Amino acid sequence: MNSETARAAARRIVEEFPVRSAPVPVERIVKSRGIVLQYAPLADDLSGMAFIRDGVRIIGVNALHHPNRQRFTIGHELAHHELHPEHLLEKVHVDKTFRVMMRDDLAQQGVDPLEVQANAFAAELLMPHELIKDLVGEGLDLDDDARLDAMARKFRVSTSALRYRLGVRG
Amino acid sequence: MAIDPRYLTFGEAMAFRRRQLKLKQSDLAARVRMSRASIANIERGRQNVLLHHACDIAAALQLARVDDLLPAEPRASLEDQVLAVSADVSAKAKAQLTDMIANALAAAPAKARP
């Protein structure tokens, strides 16, 4: 398992659902997979959690965070369920603030590979290659803030998540 | 010997419910095949109740669950002790997570279960 296989897993879900247009209905996708989704106020540094108890797959999201951030959290937690559920049985997997802002590879050193994969999965799920390629077209200036803002609104993601996604080719 | 407060609570709940149903201690005793003295002692928290007695008493008092006679505790308390979390979080955050899990399990549709 690496980030590329994580993205491939997200693409399969996008195709299966299927997702045809932005924004990606991440909440419905999660529910369609039989996962119970819960929103509740959590301490600010907690984004969400993933856990399996008594066979019930659970995703929890911090209801106090911005809706776009909640969407990314849901994608990230779904990744944990899809990619490595065996890590969710013994302990509640909690996610503190994601490091999606860290675009260069150096910054990701020292970050748990499972989290890197979950971020890659979430970014691909919320901003699937098929939907983003037409918008990007021949090229996109990462400094064109107005255009990035418009795209982020369309996909209902934060601009930092979008920048992270676009920094990843593909 | 000091009485564990849980037996007091259990006994009080039991006596309250018995009076609600207008039963005498002897009536209840007959229904659960115990002595009236045992019923009196349990109601006063002076006799540690056995599990099968607790079940029989709850049923005789027309309660669906033995729970109804047990002291109310915050739902999180028991699970708090066993909830293992993958990262360091505050006790408050742990309680929030515990509630979240309890709510998720309560909300889980039958099809989410294996």
# chains A, B, ... in the order shown; residues from 1 in each chain; ligands from 1
$ interface_residues --of "chain A" --to "chain B" --cutoff "9 Å" --atoms "only C-alpha atoms" --output "list in words"
Arg33, Gly34, Ile35, Val36, Leu37, Gln38, Tyr39, Ala40, Pro41, Leu42, Ala43, Leu46, Met49, Phe51, Arg53, Asp54, Gly55, Val56, Arg57, Ile58, Ile59, Gly60, Glu90, Lys91, Val92, His93, Val94, Asp95 and Lys96 of chain A
$ select_by_dssp --residues "segment 34-167 of chain A" --states "strand (DSSP E or B)" --output "PyMOL selection string"
chain A and resi 36-40+46-53+56-62+92-96
$ write_last_selection --atoms "N, CA, C and O atoms" --output "mmCIF file, in the first residue's frame"
data_model
loop_
_atom_site.group_PDB
_atom_site.id
_atom_site.type_symbol
_atom_site.label_atom_id
_atom_site.label_comp_id
_atom_site.auth_asym_id
_atom_site.auth_seq_id
_atom_site.Cartn_x
_atom_site.Cartn_y
_atom_site.Cartn_z
ATOM 1 N N VAL A 36 -21.607 4.101 9.655
ATOM 2 C CA VAL A 36 -22.420 5.032 10.441
ATOM 3 C C VAL A 36 -21.627 6.325 10.641
ATOM 4 O O VAL A 36 -20.506 6.307 11.155
ATOM 5 N N LEU A 37 -22.234 7.423 10.234
ATOM 6 C CA LEU A 37 -21.570 8.717 10.291
ATOM 7 C C LEU A 37 -22.160 9.536 11.426
ATOM 8 O O LEU A 37 -23.374 9.663 11.538
ATOM 9 N N GLN A 38 -21.295 10.057 12.284
ATOM 10 C CA GLN A 38 -21.747 10.839 13.435
ATOM 11 C C GLN A 38 -21.054 12.195 13.446
ATOM 12 O O GLN A 38 -19.846 12.272 13.234
ATOM 13 N N TYR A 39 -21.837 13.235 13.724
ATOM 14 C CA TYR A 39 -21.266 14.561 13.907
ATOM 15 C C TYR A 39 -21.439 14.961 15.355
ATOM 16 O O TYR A 39 -22.522 14.794 15.911
ATOM 17 N N ALA A 40 -20.402 15.481 15.965
ATOM 18 C CA ALA A 40 -20.533 15.989 17.329
ATOM 19 C C ALA A 40 -19.424 16.996 17.578
ATOM 20 O O ALA A 40 -18.372 16.941 16.931
ATOM 21 N N LEU A 46 -9.083 17.951 17.308
ATOM 22 C CA LEU A 46 -9.521 16.674 16.745
ATOM 23 C C LEU A 46 -10.378 16.917 15.507
ATOM 24 O O LEU A 46 -11.356 17.656 15.560
ATOM 25 N N SER A 47 -9.972 16.313 14.405
ATOM 26 C CA SER A 47 -10.758 16.441 13.177
ATOM 27 C C SER A 47 -11.838 15.376 13.119
ATOM 28 O O SER A 47 -12.962 15.639 12.720
ATOM 29 N N GLY A 48 -11.453 14.167 13.489
ATOM 30 C CA GLY A 48 -12.434 13.093 13.402
ATOM 31 C C GLY A 48 -11.852 11.793 13.897
ATOM 32 O O GLY A 48 -10.725 11.745 14.391
ATOM 33 N N MET A 49 -12.638 10.738 13.755
ATOM 34 C CA MET A 49 -12.173 9.437 14.205
ATOM 35 C C MET A 49 -12.792 8.329 13.369
ATOM 36 O O MET A 49 -13.817 8.513 12.720
ATOM 37 N N ALA A 50 -12.133 7.190 13.409
ATOM 38 C CA ALA A 50 -12.646 5.997 12.741
ATOM 39 C C ALA A 50 -12.493 4.839 13.715
ATOM 40 O O ALA A 50 -11.485 4.744 14.420
ATOM 41 N N PHE A 51 -13.513 3.986 13.744
ATOM 42 C CA PHE A 51 -13.512 2.922 14.734
ATOM 43 C C PHE A 51 -14.474 1.834 14.274
ATOM 44 O O PHE A 51 -15.440 2.114 13.559
ATOM 45 N N ILE A 52 -14.183 0.615 14.647
ATOM 46 C CA ILE A 52 -15.115 -0.488 14.373
ATOM 47 C C ILE A 52 -15.425 -1.143 15.704
ATOM 48 O O ILE A 52 -14.512 -1.607 16.399
ATOM 49 N N ARG A 53 -16.689 -1.100 16.079
ATOM 50 C CA ARG A 53 -17.063 -1.794 17.313
ATOM 51 C C ARG A 53 -18.248 -2.708 17.029
ATOM 52 O O ARG A 53 -19.228 -2.291 16.427
ATOM 53 N N VAL A 56 -19.787 -2.760 13.762
ATOM 54 C CA VAL A 56 -20.352 -1.518 13.231
ATOM 55 C C VAL A 56 -19.204 -0.568 12.898
ATOM 56 O O VAL A 56 -18.359 -0.273 13.749
ATOM 57 N N ARG A 57 -19.163 -0.129 11.652
ATOM 58 C CA ARG A 57 -18.100 0.768 11.225
ATOM 59 C C ARG A 57 -18.554 2.212 11.452
ATOM 60 O O ARG A 57 -19.641 2.596 11.030
ATOM 61 N N ILE A 58 -17.721 2.955 12.135
ATOM 62 C CA ILE A 58 -18.106 4.291 12.587
ATOM 63 C C ILE A 58 -17.121 5.335 12.076
ATOM 64 O O ILE A 58 -15.909 5.122 12.106
ATOM 65 N N ILE A 59 -17.674 6.455 11.612
ATOM 66 C CA ILE A 59 -16.859 7.627 11.331
ATOM 67 C C ILE A 59 -17.426 8.772 12.159
ATOM 68 O O ILE A 59 -18.637 9.011 12.143
ATOM 69 N N GLY A 60 -16.570 9.448 12.890
ATOM 70 C CA GLY A 60 -16.996 10.605 13.672
ATOM 71 C C GLY A 60 -16.308 11.853 13.138
ATOM 72 O O GLY A 60 -15.137 11.808 12.771
ATOM 73 N N VAL A 61 -17.067 12.935 13.100
ATOM 74 C CA VAL A 61 -16.555 14.181 12.539
ATOM 75 C C VAL A 61 -16.778 15.316 13.538
ATOM 76 O O VAL A 61 -17.822 15.372 14.187
ATOM 77 N N ASN A 62 -15.785 16.187 13.652
ATOM 78 C CA ASN A 62 -15.942 17.349 14.530
ATOM 79 C C ASN A 62 -16.914 18.338 13.893
ATOM 80 O O ASN A 62 -16.614 18.976 12.884
ATOM 81 N N VAL A 92 -9.681 3.289 19.123
ATOM 82 C CA VAL A 92 -10.350 4.339 18.365
ATOM 83 C C VAL A 92 -9.258 5.117 17.644
ATOM 84 O O VAL A 92 -8.330 5.626 18.275
ATOM 85 N N HIS A 93 -9.349 5.168 16.324
ATOM 86 C CA HIS A 93 -8.338 5.917 15.593
ATOM 87 C C HIS A 93 -8.758 7.381 15.546
ATOM 88 O O HIS A 93 -9.751 7.718 14.908
ATOM 89 N N VAL A 94 -8.036 8.237 16.236
ATOM 90 C CA VAL A 94 -8.385 9.656 16.204
ATOM 91 C C VAL A 94 -7.419 10.395 15.294
ATOM 92 O O VAL A 94 -6.246 10.051 15.207
ATOM 93 N N ASP A 95 -7.955 11.385 14.586
ATOM 94 C CA ASP A 95 -7.115 12.189 13.719
ATOM 95 C C ASP A 95 -7.073 13.609 14.217
ATOM 96 O O ASP A 95 -8.092 14.278 14.330
ATOM 97 N N LYS A 96 -5.881 14.023 14.520
ATOM 98 C CA LYS A 96 -5.691 15.420 14.874
ATOM 99 C C LYS A 96 -5.519 16.182 13.568
ATOM 100 O O LYS A 96 -5.520 15.592 12.488
#
$ select_by_dssp --residues "segment 10-120 of chain A" --states "alpha helix (DSSP H)" --output "PyMOL selection string"
chain A and resi 10-16+26-32+67-83+105-108+113-120
$ write_last_selection --atoms "N, CA and C atoms" --output "compact mmCIF listing (two decimals), in the first residue's frame"
# COMPACT_ATOMS: atom_id res chain seq x y z
N ALA A 10 -9.65 5.13 -4.06
CA ALA A 10 -10.62 6.23 -4.08
C ALA A 10 -11.28 6.31 -5.46
N ARG A 11 -10.49 6.18 -6.51
CA ARG A 11 -11.04 6.25 -7.87
C ARG A 11 -12.06 5.14 -8.11
N ARG A 12 -11.78 3.95 -7.56
CA ARG A 12 -12.75 2.84 -7.71
C ARG A 12 -14.08 3.19 -7.08
N ILE A 13 -14.02 3.83 -5.91
CA ILE A 13 -15.26 4.20 -5.23
C ILE A 13 -16.01 5.25 -6.04
N VAL A 14 -15.28 6.20 -6.58
CA VAL A 14 -15.88 7.25 -7.41
C VAL A 14 -16.59 6.62 -8.61
N GLU A 15 -15.97 5.61 -9.21
CA GLU A 15 -16.57 4.94 -10.39
C GLU A 15 -17.76 4.08 -9.99
N GLU A 16 -17.64 3.38 -8.88
CA GLU A 16 -18.70 2.47 -8.44
C GLU A 16 -19.97 3.21 -8.06
N VAL A 26 -19.85 13.09 -0.52
CA VAL A 26 -19.03 12.20 0.31
C VAL A 26 -19.84 11.56 1.44
N GLU A 27 -20.81 12.32 1.95
CA GLU A 27 -21.64 11.79 3.04
C GLU A 27 -22.47 10.61 2.54
N ARG A 28 -23.06 10.79 1.35
CA ARG A 28 -23.89 9.69 0.80
C ARG A 28 -23.03 8.48 0.44
N ILE A 29 -21.83 8.75 -0.02
CA ILE A 29 -20.93 7.64 -0.36
C ILE A 29 -20.63 6.81 0.89
N VAL A 30 -20.32 7.50 1.96
CA VAL A 30 -20.02 6.81 3.22
C VAL A 30 -21.21 5.97 3.67
N LYS A 31 -22.40 6.59 3.63
CA LYS A 31 -23.59 5.87 4.09
C LYS A 31 -23.89 4.68 3.18
N SER A 32 -23.66 4.86 1.88
CA SER A 32 -23.95 3.77 0.95
C SER A 32 -23.05 2.57 1.21
N PRO A 67 -17.51 23.25 7.20
CA PRO A 67 -18.09 22.15 6.42
C PRO A 67 -17.13 21.55 5.39
N ASN A 68 -16.33 22.40 4.75
CA ASN A 68 -15.37 21.86 3.78
C ASN A 68 -14.34 20.97 4.46
N ARG A 69 -13.95 21.41 5.64
CA ARG A 69 -12.98 20.61 6.38
C ARG A 69 -13.63 19.30 6.84
N GLN A 70 -14.89 19.37 7.22
CA GLN A 70 -15.60 18.15 7.61
C GLN A 70 -15.63 17.16 6.45
N ARG A 71 -15.83 17.68 5.25
CA ARG A 71 -15.87 16.79 4.08
C ARG A 71 -14.53 16.09 3.91
N PHE A 72 -13.46 16.85 4.08
CA PHE A 72 -12.14 16.22 3.94
C PHE A 72 -11.93 15.18 5.04
N THR A 73 -12.38 15.53 6.25
CA THR A 73 -12.27 14.59 7.36
C THR A 73 -13.00 13.29 7.05
N ILE A 74 -14.22 13.42 6.50
CA ILE A 74 -15.00 12.22 6.17
C ILE A 74 -14.24 11.36 5.16
N GLY A 75 -13.68 12.02 4.15
CA GLY A 75 -12.90 11.29 3.15
C GLY A 75 -11.69 10.59 3.77
N HIS A 76 -11.05 11.30 4.67
CA HIS A 76 -9.86 10.78 5.34
C HIS A 76 -10.22 9.56 6.21
N GLU A 77 -11.32 9.67 6.93
CA GLU A 77 -11.73 8.56 7.81
C GLU A 77 -12.23 7.37 6.98
N LEU A 78 -12.90 7.68 5.88
CA LEU A 78 -13.33 6.60 4.99
C LEU A 78 -12.10 5.83 4.51
N ALA A 79 -11.03 6.55 4.23
CA ALA A 79 -9.79 5.91 3.79
C ALA A 79 -9.33 4.89 4.83
N HIS A 80 -9.38 5.27 6.09
CA HIS A 80 -8.94 4.33 7.13
C HIS A 80 -9.79 3.06 7.10
N HIS A 81 -11.09 3.22 6.88
CA HIS A 81 -11.96 2.04 6.82
C HIS A 81 -11.68 1.20 5.59
N GLU A 82 -11.43 1.86 4.47
CA GLU A 82 -11.25 1.12 3.22
C GLU A 82 -9.85 0.52 3.10
N LEU A 83 -8.86 1.24 3.60
CA LEU A 83 -7.48 0.84 3.33
C LEU A 83 -6.88 -0.07 4.41
N ASP A 105 7.47 17.28 -0.23
CA ASP A 105 7.70 15.94 0.30
C ASP A 105 8.47 15.95 1.62
N LEU A 106 9.33 16.93 1.75
CA LEU A 106 10.11 17.02 2.99
C LEU A 106 9.21 17.10 4.21
N ALA A 107 8.17 17.92 4.07
CA ALA A 107 7.29 18.15 5.21
C ALA A 107 6.55 16.88 5.59
N GLN A 108 6.43 15.97 4.64
CA GLN A 108 5.67 14.76 4.96
C GLN A 108 6.55 13.68 5.57
N PRO A 113 2.80 6.87 7.51
CA PRO A 113 2.40 6.56 6.13
C PRO A 113 0.90 6.30 5.98
N LEU A 114 0.28 5.77 7.02
CA LEU A 114 -1.16 5.53 6.93
C LEU A 114 -1.91 6.85 6.76
N GLU A 115 -1.40 7.90 7.40
CA GLU A 115 -2.07 9.20 7.31
C GLU A 115 -1.81 9.85 5.95
N VAL A 116 -0.59 9.65 5.44
CA VAL A 116 -0.28 10.17 4.11
C VAL A 116 -1.20 9.52 3.08
N GLN A 117 -1.37 8.21 3.21
CA GLN A 117 -2.25 7.48 2.29
C GLN A 117 -3.70 7.94 2.43
N ALA A 118 -4.12 8.15 3.67
CA ALA A 118 -5.51 8.57 3.90
C ALA A 118 -5.76 9.95 3.29
N ASN A 119 -4.76 10.82 3.38
CA ASN A 119 -4.91 12.14 2.76
C ASN A 119 -4.95 12.04 1.24
N ALA A 120 -4.12 11.18 0.69
CA ALA A 120 -4.11 10.98 -0.76
C ALA A 120 -5.46 10.45 -1.23
$ atom_distance --atom1 "atom CA of Val19 of chain A" --atom2 "atom CA of Ala146 of chain A"
25.7 Å
$ residues_around --residues "segment 48-51 of chain B" --least-positions-apart "6" --cutoff "9 Å" --atoms "only C-alpha atoms" --output "MDAnalysis selection string"
chainID B and resid 4 7 41:42
$ atom_distance --atom1 "atom CA of Leu21 of chain B" --atom2 "atom CA of Ala59 of chain B"
12.6 Å
